[in-house]
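What follows is the content of structure.pdb, which has PDB, C-alpha atoms and all ligand atoms:
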```pdb
ATOM      1  CA  MET A   1       4.992   5.307 -32.710
ATOM      2  CA  ASN A   2       5.506   1.673 -31.685
ATOM      3  CA  ALA A   3       2.498  -0.574 -31.735
ATOM      4  CA  MET A   4       1.471  -2.264 -28.489
ATOM      5  CA  ILE A   5      -1.060  -4.411 -30.324
ATOM      6  CA  ASP A   6      -0.830  -5.250 -33.971
ATOM      7  CA  THR A   7      -3.123  -7.684 -35.791
ATOM      8  CA  HIS A   8      -3.242  -8.787 -39.380
ATOM      9  CA  GLN A   9      -6.218 -10.700 -40.768
ATOM     10  CA  LEU A  10      -6.953 -11.998 -37.285
ATOM     11  CA  THR A  11     -10.117 -14.094 -37.025
ATOM     12  CA  ILE A  12     -11.292 -15.190 -33.580
ATOM     13  CA  ARG A  13     -13.594 -18.167 -33.193
ATOM     14  CA  TYR A  14     -15.517 -20.332 -30.808
ATOM     15  CA  GLY A  15     -15.555 -23.787 -32.379
ATOM     16  CA  ASP A  16     -16.153 -23.179 -36.074
ATOM     17  CA  LYS A  17     -18.040 -19.958 -35.498
ATOM     18  CA  ALA A  18     -16.173 -16.719 -36.215
ATOM     19  CA  ILE A  19     -16.811 -14.139 -33.481
ATOM     20  CA  ALA A  20     -14.836 -11.389 -35.245
ATOM     21  CA  SER A  21     -13.191 -11.769 -38.642
ATOM     22  CA  GLU A  22     -10.189 -10.328 -40.427
ATOM     23  CA  ILE A  23      -9.271  -7.882 -37.709
ATOM     24  CA  ASN A  24      -6.551  -5.425 -38.788
ATOM     25  CA  VAL A  25      -5.781  -3.048 -35.956
ATOM     26  CA  ASP A  26      -2.773  -1.254 -34.599
ATOM     27  CA  VAL A  27      -2.925   0.209 -31.086
ATOM     28  CA  PRO A  28       0.040   2.542 -30.373
ATOM     29  CA  ALA A  29       2.033   2.025 -27.175
ATOM     30  CA  GLY A  30       1.126   4.566 -24.502
ATOM     31  CA  SER A  31      -2.352   5.248 -25.849
ATOM     32  CA  PHE A  32      -5.797   4.989 -24.289
ATOM     33  CA  TYR A  33      -8.197   3.048 -26.499
ATOM     34  CA  ALA A  34     -11.902   2.482 -25.958
ATOM     35  CA  ILE A  35     -13.191  -0.944 -26.943
ATOM     36  CA  LEU A  36     -16.785  -0.536 -28.082
ATOM     37  CA  GLY A  37     -19.610  -2.725 -29.307
ATOM     38  CA  GLU A  38     -22.935  -4.289 -28.399
ATOM     39  CA  ASN A  39     -23.302  -7.100 -25.904
ATOM     40  CA  GLY A  40     -22.007 -10.299 -27.452
ATOM     41  CA  ALA A  41     -20.023  -8.501 -30.185
ATOM     42  CA  GLY A  42     -16.767 -10.161 -29.134
ATOM     43  CA  LYS A  43     -14.951  -7.576 -26.992
ATOM     44  CA  THR A  44     -14.222  -9.874 -24.077
ATOM     45  CA  THR A  45     -13.177 -12.705 -26.368
ATOM     46  CA  PHE A  46     -10.775 -10.321 -28.126
ATOM     47  CA  VAL A  47      -9.091  -9.286 -24.883
ATOM     48  CA  LYS A  48      -8.930 -12.914 -23.730
ATOM     49  CA  THR A  49      -7.094 -13.605 -26.966
ATOM     50  CA  LEU A  50      -4.673 -10.742 -26.215
ATOM     51  CA  ILE A  51      -3.879 -12.083 -22.748
ATOM     52  CA  GLY A  52      -3.371 -15.633 -23.984
ATOM     53  CA  LYS A  53      -6.544 -17.132 -22.512
ATOM     54  CA  HIS A  54      -8.308 -17.791 -25.797
ATOM     55  CA  HIS A  55      -6.396 -19.665 -28.440
ATOM     56  CA  ASN A  56      -8.933 -20.378 -31.148
ATOM     57  CA  TYR A  57      -7.870 -17.879 -33.783
ATOM     58  CA  VAL A  58      -6.163 -17.653 -37.162
ATOM     59  CA  GLY A  59      -4.101 -14.819 -38.625
ATOM     60  CA  ASN A  60      -1.430 -12.729 -36.960
ATOM     61  CA  LEU A  61      -1.532 -11.241 -33.503
ATOM     62  CA  LYS A  62       1.333  -9.345 -31.907
ATOM     63  CA  VAL A  63       1.169  -8.026 -28.363
ATOM     64  CA  ASN A  64       4.451  -6.291 -27.660
ATOM     65  CA  THR A  65       4.656  -6.971 -23.949
ATOM     66  CA  GLN A  66       4.224  -9.844 -21.543
ATOM     67  CA  ALA A  67       3.455  -7.449 -18.722
ATOM     68  CA  ILE A  68      -0.334  -7.214 -18.945
ATOM     69  CA  GLY A  69      -2.738  -6.279 -16.171
ATOM     70  CA  PHE A  70      -6.318  -7.410 -16.684
ATOM     71  CA  VAL A  71      -9.359  -6.343 -14.681
ATOM     72  CA  PRO A  72     -12.166  -8.767 -15.527
ATOM     73  CA  GLN A  73     -15.806  -7.775 -15.801
ATOM     74  CA  PHE A  74     -17.290  -9.733 -12.922
ATOM     75  CA  ARG A  75     -15.894 -10.405  -9.488
ATOM     76  CA  ASP A  76     -17.950 -11.757  -6.692
ATOM     77  CA  ILE A  77     -16.894 -10.042  -3.487
ATOM     78  CA  SER A  78     -19.445 -10.487  -0.702
ATOM     79  CA  ARG A  79     -19.654  -8.419   2.480
ATOM     80  CA  ASP A  80     -17.955 -11.161   4.491
ATOM     81  CA  TYR A  81     -14.953 -11.384   2.129
ATOM     82  CA  PRO A  82     -12.117 -11.676   4.655
ATOM     83  CA  LEU A  83      -9.190  -9.812   3.079
ATOM     84  CA  SER A  84      -8.244  -6.185   3.470
ATOM     85  CA  ILE A  85      -7.665  -4.065   0.373
ATOM     86  CA  ALA A  86      -3.870  -4.388   0.787
ATOM     87  CA  GLU A  87      -4.077  -8.186   1.175
ATOM     88  CA  PHE A  88      -6.338  -8.436  -1.849
ATOM     89  CA  VAL A  89      -3.939  -6.352  -3.927
ATOM     90  CA  GLY A  90      -1.098  -8.618  -2.732
ATOM     91  CA  LEU A  91      -2.879 -11.667  -4.154
ATOM     92  CA  ALA A  92      -1.325 -10.607  -7.454
ATOM     93  CA  PHE A  93       1.790 -12.391  -6.224
ATOM     94  CA  ASN A  94      -0.175 -15.573  -6.069
ATOM     95  CA  ARG A  95       0.845 -16.746  -2.609
ATOM     96  CA  GLY A  96      -2.609 -18.041  -1.782
ATOM     97  CA  TRP A  97      -4.286 -17.053   1.473
ATOM     98  CA  HIS A  98      -1.125 -16.893   3.536
ATOM     99  CA  LEU A  99       0.280 -13.537   2.745
ATOM    100  CA  PHE A 100       3.972 -13.381   3.426
ATOM    101  CA  ASN A 101       5.072 -10.849   0.914
ATOM    102  CA  ASN A 102       8.753  -9.949   0.819
ATOM    103  CA  GLN A 103      10.036  -6.363   0.909
ATOM    104  CA  LEU A 104      10.078  -5.927  -2.847
ATOM    105  CA  GLU A 105       6.543  -7.227  -3.124
ATOM    106  CA  LYS A 106       5.403  -5.027  -0.253
ATOM    107  CA  SER A 107       6.817  -1.989  -1.969
ATOM    108  CA  ALA A 108       5.104  -2.938  -5.249
ATOM    109  CA  ILE A 109       1.815  -3.357  -3.361
ATOM    110  CA  HIS A 110       2.278   0.039  -1.722
ATOM    111  CA  ASP A 111       3.008   1.614  -5.109
ATOM    112  CA  ALA A 112      -0.160   0.165  -6.612
ATOM    113  CA  LEU A 113      -2.244   1.319  -3.628
ATOM    114  CA  GLU A 114      -0.758   4.785  -3.980
ATOM    115  CA  LYS A 115      -1.457   4.926  -7.708
ATOM    116  CA  MET A 116      -5.115   4.143  -7.051
ATOM    117  CA  ASP A 117      -5.407   6.502  -4.030
ATOM    118  CA  LEU A 118      -6.064   3.629  -1.642
ATOM    119  CA  VAL A 119      -3.279   4.061   0.913
ATOM    120  CA  ASP A 120      -5.551   5.597   3.551
ATOM    121  CA  ILE A 121      -8.038   2.733   3.429
ATOM    122  CA  ALA A 122      -5.606  -0.105   2.672
ATOM    123  CA  ASP A 123      -6.445  -1.918   5.922
ATOM    124  CA  GLN A 124     -10.191  -1.865   5.444
ATOM    125  CA  ARG A 125     -11.960  -5.048   4.414
ATOM    126  CA  LEU A 126     -12.628  -5.197   0.692
ATOM    127  CA  GLY A 127     -16.154  -6.545   1.226
ATOM    128  CA  LEU A 128     -17.155  -3.501   3.248
ATOM    129  CA  VAL A 129     -15.866  -0.573   1.188
ATOM    130  CA  SER A 130     -17.870   1.280  -1.473
ATOM    131  CA  GLY A 131     -18.290   0.009  -5.023
ATOM    132  CA  GLY A 132     -15.948   2.717  -6.303
ATOM    133  CA  GLN A 133     -13.224   1.841  -3.802
ATOM    134  CA  ARG A 134     -13.612  -1.849  -4.643
ATOM    135  CA  GLN A 135     -13.121  -1.140  -8.351
ATOM    136  CA  ARG A 136      -9.995   0.860  -7.500
ATOM    137  CA  ALA A 137      -8.720  -2.139  -5.553
ATOM    138  CA  PHE A 138      -9.330  -4.393  -8.573
ATOM    139  CA  VAL A 139      -7.319  -2.010 -10.727
ATOM    140  CA  ALA A 140      -4.585  -1.747  -8.062
ATOM    141  CA  GLN A 141      -4.236  -5.541  -8.067
ATOM    142  CA  ALA A 142      -3.803  -5.470 -11.855
ATOM    143  CA  LEU A 143      -1.114  -2.767 -11.466
ATOM    144  CA  VAL A 144       1.030  -4.552  -8.873
ATOM    145  CA  LYS A 145       3.313  -6.226 -11.360
ATOM    146  CA  ARG A 146       3.796  -2.916 -13.158
ATOM    147  CA  PRO A 147       2.147  -3.815 -16.462
ATOM    148  CA  GLU A 148       2.830  -2.005 -19.711
ATOM    149  CA  LEU A 149      -0.660  -2.860 -20.947
ATOM    150  CA  LEU A 150      -3.718  -2.477 -18.726
ATOM    151  CA  ILE A 151      -7.051  -3.902 -19.878
ATOM    152  CA  LEU A 152     -10.269  -2.988 -18.081
ATOM    153  CA  ASP A 153     -13.506  -4.815 -18.864
ATOM    154  CA  GLU A 154     -16.396  -2.476 -18.034
ATOM    155  CA  SER A 155     -14.809  -1.360 -14.778
ATOM    156  CA  THR A 156     -17.048   1.694 -14.511
ATOM    157  CA  ALA A 157     -20.316  -0.063 -15.397
ATOM    158  CA  SER A 158     -21.672  -0.422 -11.862
ATOM    159  CA  LEU A 159     -20.555   2.975 -10.552
ATOM    160  CA  ASP A 160     -22.431   6.252 -10.237
ATOM    161  CA  HIS A 161     -21.367   9.077 -12.520
ATOM    162  CA  GLU A 162     -19.034  10.783 -10.061
ATOM    163  CA  HIS A 163     -17.177   7.563  -9.283
ATOM    164  CA  LYS A 164     -16.946   6.666 -12.968
ATOM    165  CA  ILE A 165     -15.217  10.001 -13.605
ATOM    166  CA  GLN A 166     -12.927   9.610 -10.586
ATOM    167  CA  LEU A 167     -11.782   6.138 -11.640
ATOM    168  CA  LEU A 168     -11.230   7.163 -15.243
ATOM    169  CA  THR A 169      -9.372  10.318 -14.252
ATOM    170  CA  THR A 170      -6.971   8.269 -12.152
ATOM    171  CA  ILE A 171      -6.379   5.796 -14.955
ATOM    172  CA  VAL A 172      -5.834   8.493 -17.571
ATOM    173  CA  ARG A 173      -3.359  10.254 -15.259
ATOM    174  CA  LEU A 174      -1.425   6.998 -14.915
ATOM    175  CA  GLN A 175      -1.515   6.444 -18.644
ATOM    176  CA  LYS A 176      -0.083   9.913 -19.280
ATOM    177  CA  GLU A 177       2.495   9.827 -16.478
ATOM    178  CA  THR A 178       3.821   6.315 -16.951
ATOM    179  CA  GLY A 179       3.286   5.612 -20.635
ATOM    180  CA  LEU A 180       0.892   2.758 -19.850
ATOM    181  CA  THR A 181      -1.238   1.508 -22.728
ATOM    182  CA  VAL A 182      -4.884   1.216 -21.682
ATOM    183  CA  LEU A 183      -7.696  -0.733 -23.327
ATOM    184  CA  PHE A 184     -10.991   0.221 -21.780
ATOM    185  CA  ILE A 185     -14.055  -1.841 -22.665
ATOM    186  CA  THR A 186     -17.148   0.275 -22.231
ATOM    187  CA  HIS A 187     -20.656   0.950 -23.476
ATOM    188  CA  GLU A 188     -20.448   4.571 -22.407
ATOM    189  CA  LEU A 189     -18.988   6.623 -25.235
ATOM    190  CA  ASN A 190     -19.678   9.900 -23.486
ATOM    191  CA  LEU A 191     -17.420   8.892 -20.693
ATOM    192  CA  VAL A 192     -14.356   8.314 -22.862
ATOM    193  CA  ALA A 193     -14.920  10.552 -25.889
ATOM    194  CA  ASP A 194     -13.026  13.495 -24.398
ATOM    195  CA  PHE A 195      -9.741  11.770 -23.727
ATOM    196  CA  ALA A 196      -9.461   8.452 -25.564
ATOM    197  CA  ASP A 197      -6.832   8.445 -28.313
ATOM    198  CA  GLY A 198      -8.907   6.100 -30.398
ATOM    199  CA  PHE A 199     -11.328   3.190 -30.428
ATOM    200  CA  LEU A 200     -11.921  -0.313 -31.697
ATOM    201  CA  LEU A 201     -15.573  -0.874 -32.560
ATOM    202  CA  PHE A 202     -16.823  -4.467 -32.651
ATOM    203  CA  ALA A 203     -19.919  -4.813 -34.838
ATOM    204  CA  ASN A 204     -21.352  -7.326 -37.283
ATOM    205  CA  GLY A 205     -18.463  -9.711 -36.946
ATOM    206  CA  SER A 206     -15.753  -7.198 -37.761
ATOM    207  CA  VAL A 207     -13.700  -4.511 -36.053
ATOM    208  CA  THR A 208     -13.295  -0.877 -37.071
ATOM    209  CA  GLN A 209     -10.470   1.260 -35.708
ATOM    210  CA  GLY A 210     -10.854   5.019 -35.383
ATOM    211  CA  ASN A 211      -9.001   8.004 -33.941
ATOM    212  CA  ALA A 212     -10.041  10.516 -31.289
ATOM    213  CA  GLN A 213     -11.832  12.708 -33.792
ATOM    214  CA  ALA A 214     -13.814   9.772 -35.188
ATOM    215  CA  LEU A 215     -14.730   8.784 -31.622
ATOM    216  CA  LYS A 216     -16.161  12.258 -30.959
ATOM    217  CA  LYS A 217     -18.215  12.040 -34.131
ATOM    218  CA  LEU A 218     -19.434   8.543 -33.257
ATOM    219  CA  THR A 219     -20.424   9.784 -29.809
ATOM    220  CA  VAL A 220     -22.411  12.704 -31.219
ATOM    221  CA  ASP A 221     -24.140  10.395 -33.711
ATOM    222  CA  MET A 222     -24.972   7.833 -31.047
ATOM    223  CA  THR A 223     -26.171  10.427 -28.555
ATOM    224  CA  VAL A 224     -28.639  11.728 -31.121
ATOM    225  CA  THR A 225     -29.903   8.184 -31.548
ATOM    226  CA  HIS A 226     -29.909   7.542 -27.805
ATOM    227  CA  PRO A 227     -30.901  10.774 -26.109
ATOM    228  CA  GLU A 228     -30.680   9.221 -22.650
ATOM    229  CA  ASN A 229     -27.010  10.133 -23.024
ATOM    230  CA  GLU A 230     -25.620   6.755 -22.140
ATOM    231  CA  VAL A 231     -25.000   4.646 -25.146
ATOM    232  CA  HIS A 232     -25.815   1.032 -24.696
ATOM    233  CA  HIS A 233     -26.116  -0.009 -28.318
ATOM    234  CA  VAL A 234     -23.369   0.933 -30.649
TER     235      VAL A 234
HETATM  236  N1  LIG A 301     -17.354 -20.122 -24.047
HETATM  237  C1  LIG A 301     -18.054 -19.796 -25.132
HETATM  238  N2  LIG A 301     -18.399 -20.715 -26.046
HETATM  239  C2  LIG A 301     -19.082 -20.369 -27.159
HETATM  240  N3  LIG A 301     -19.435 -19.132 -27.464
HETATM  241  C3  LIG A 301     -19.108 -18.158 -26.600
HETATM  242  C4  LIG A 301     -18.392 -18.428 -25.391
HETATM  243  N4  LIG A 301     -18.195 -17.249 -24.747
HETATM  244  C5  LIG A 301     -18.762 -16.297 -25.502
HETATM  245  N5  LIG A 301     -19.306 -16.844 -26.614
HETATM  246  C6  LIG A 301     -20.004 -16.108 -27.683
HETATM  247  O1  LIG A 301     -19.053 -15.262 -28.298
HETATM  248  C7  LIG A 301     -19.678 -14.021 -28.654
HETATM  249  C8  LIG A 301     -18.853 -12.890 -28.102
HETATM  250  O2  LIG A 301     -18.934 -12.857 -26.681
HETATM  251  P1  LIG A 301     -18.123 -11.817 -25.804
HETATM  252  O3  LIG A 301     -18.364 -12.151 -24.373
HETATM  253  O4  LIG A 301     -16.744 -11.752 -26.293
HETATM  254  O5  LIG A 301     -18.875 -10.465 -26.174
HETATM  255  P2  LIG A 301     -18.756  -9.039 -25.529
HETATM  256  O6  LIG A 301     -18.695  -8.084 -26.662
HETATM  257  O7  LIG A 301     -17.658  -9.008 -24.546
HETATM  258  O8  LIG A 301     -20.143  -8.887 -24.790
HETATM  259  P3  LIG A 301     -20.550  -8.116 -23.437
HETATM  260  O9  LIG A 301     -20.602  -6.660 -23.777
HETATM  261  O10 LIG A 301     -21.907  -8.670 -23.158
HETATM  262  O11 LIG A 301     -19.548  -8.469 -22.387
HETATM  263  C9  LIG A 301     -21.111 -14.089 -28.147
HETATM  264  O12 LIG A 301     -21.949 -14.437 -29.221
HETATM  265  C10 LIG A 301     -21.068 -15.172 -27.125
HETATM  266  O13 LIG A 301     -22.317 -15.838 -27.055
END
```
If you took the structure in this file and wrote it as structure tokens, what would it be?
Ligand SMILES: Nc1ncnc2c1ncn2[C@@H]1O[C@H](COP(=O)(O)OP(=O)(O)OP(=O)(O)O)[C@@H](O)[C@H]1O
Amino acid sequence: MNAMIDTHQLTIRYGDKAIASEINVDVPAGSFYAILGENGAGKTTFVKTLIGKHHNYVGNLKVNTQAIGFVPQFRDISRDYPLSIAEFVGLAFNRGWHLFNNQLEKSAIHDALEKMDLVDIADQRLGLVSGGQRQRAFVAQALVKRPELLILDESTASLDHEHKIQLLTTIVRLQKETGLTVLFITHELNLVADFADGFLLFANGSVTQGNAQALKKLTVDMTVTHPENEVHHV
């Protein structure tokens, strides 16, 4: 299968300090990969490198698409945020606050809203909807330009269990139906162990790649260590 992401002896740094060294990974196109590791292990820096926002690295990095949707970890949306969900999703076209989207853009916005099950509430203000609906809107905005690679940075972290499952189910359905490649940064192995095709584990300055079976084993091992059932320290 074609690789979506392919690295060879990739070392990512801040200044002179290596955050992750000699990374050799190969993420197949169309797969769902969990990105795992403790706080500060380098996951976010790795994805910033993939999307071209972090340039301090040596070695080889190939990302086989320019069409990348990224949902960052933190977004400050207060209750008085003025835009509706549809307007927020339309910001992907970068027209600032005056939203005059053309027909093609409008249809792409509608598509993204549909994919994330947001059509019925598209006119509601983003600041006033539930946390789960807001996360879906963030993902919809990342989908507007029809990416081939979708990267989510802890998108389920703030949600209750039911909404975590709902969001993930939608994303996995999209991945299967459209051949999207998904990188999902998470601390919750239990959440992804049943359907991820593989994982990249950031630990001790290096990265280990594993398949679905290895992820299940890792999850069992970690759940024994962390009986609260949510794994925060890999
Ligand atoms: N702008 C920066 N300058 C210098 N060092 C940084 C900068 N941003 C992050 N770091 C360091 O790089 C390391 C990796 O951080 P990164 O945010 O990539 O980790 P992470 O695995 O995404 O963590 P988390 O799970 O907390 O989001 C950390 O040690 C962090 O302190």
At most 6 Å from ligand LIG 301 (chain A) (all atoms listed in the file): residue list as number ranges by chain: A: 14, 19, 38-45
Explicit residue set for the PyMOL selection byres (((chain A and resi 32-35) around 8) and not hetatm), as a ChimeraX atom specification: /A:27,30-31,36-37,43,172,175,181-186,192,195-202
For atom CA of A:Pro147 and atom CA of A:Leu104, the interatomic separation in Å (one decimal):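 Atom CA of A:Leu104 lies 15.9 Å from atom CA of A:Pro147.
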Answer key for the PyMOL selection byres (((chain A and resi 126) around 10) and not hetatm), residues as a list in words: Ile77, Ser78, Arg79, Asp80, Tyr81, Pro82, Leu83, Ser84, Ile85, Ala86, Glu87, Phe88, Val89, Ile121, Ala122, Asp123, Gln124, Arg125, Gly127, Leu128, Val129, Ser130, Gly131, Gln133, Arg134, Gln135, Ala137 and Phe138 of chain A
Among listed residues A:Gln73, A:Thr208, A:Thr7, A:Ser155, nearest A:Leu50 (using all atoms listed in the file):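 For A:Leu50, the nearest of the given residues is A:Thr7.
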Between atom CA of A:Thr65 and atom CA of A:Met4 - distance in Å to one decimal: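 Computing the Euclidean distance for atom CA of A:Met4 and atom CA of A:Thr65 yields 7.3 Å.
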Ground truth for the PyMOL selection byres (((chain A and resi 64) around 8) and not hetatm), written as a list in words: Ala3, Met4, Ile5, Lys62, Val63, Thr65 and Gln66 of chain A
A:Ile51 environment, 9 Å, all atoms listed in the file, sequence neighbours closer than 4 positions dropped, as a list in words: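 Contacts, with the query itself left out: Phe46, Val47, Val63, Gln66, Ile68, Gly69 and Phe70 of chain A.
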Close residues, A:Gly132 itself excluded, 9 Å, all atoms listed in the file, min 3 positions apart in chain, as number ranges by chain: A: 129, 135-137, 156, 158-160, 163-164, 166-167
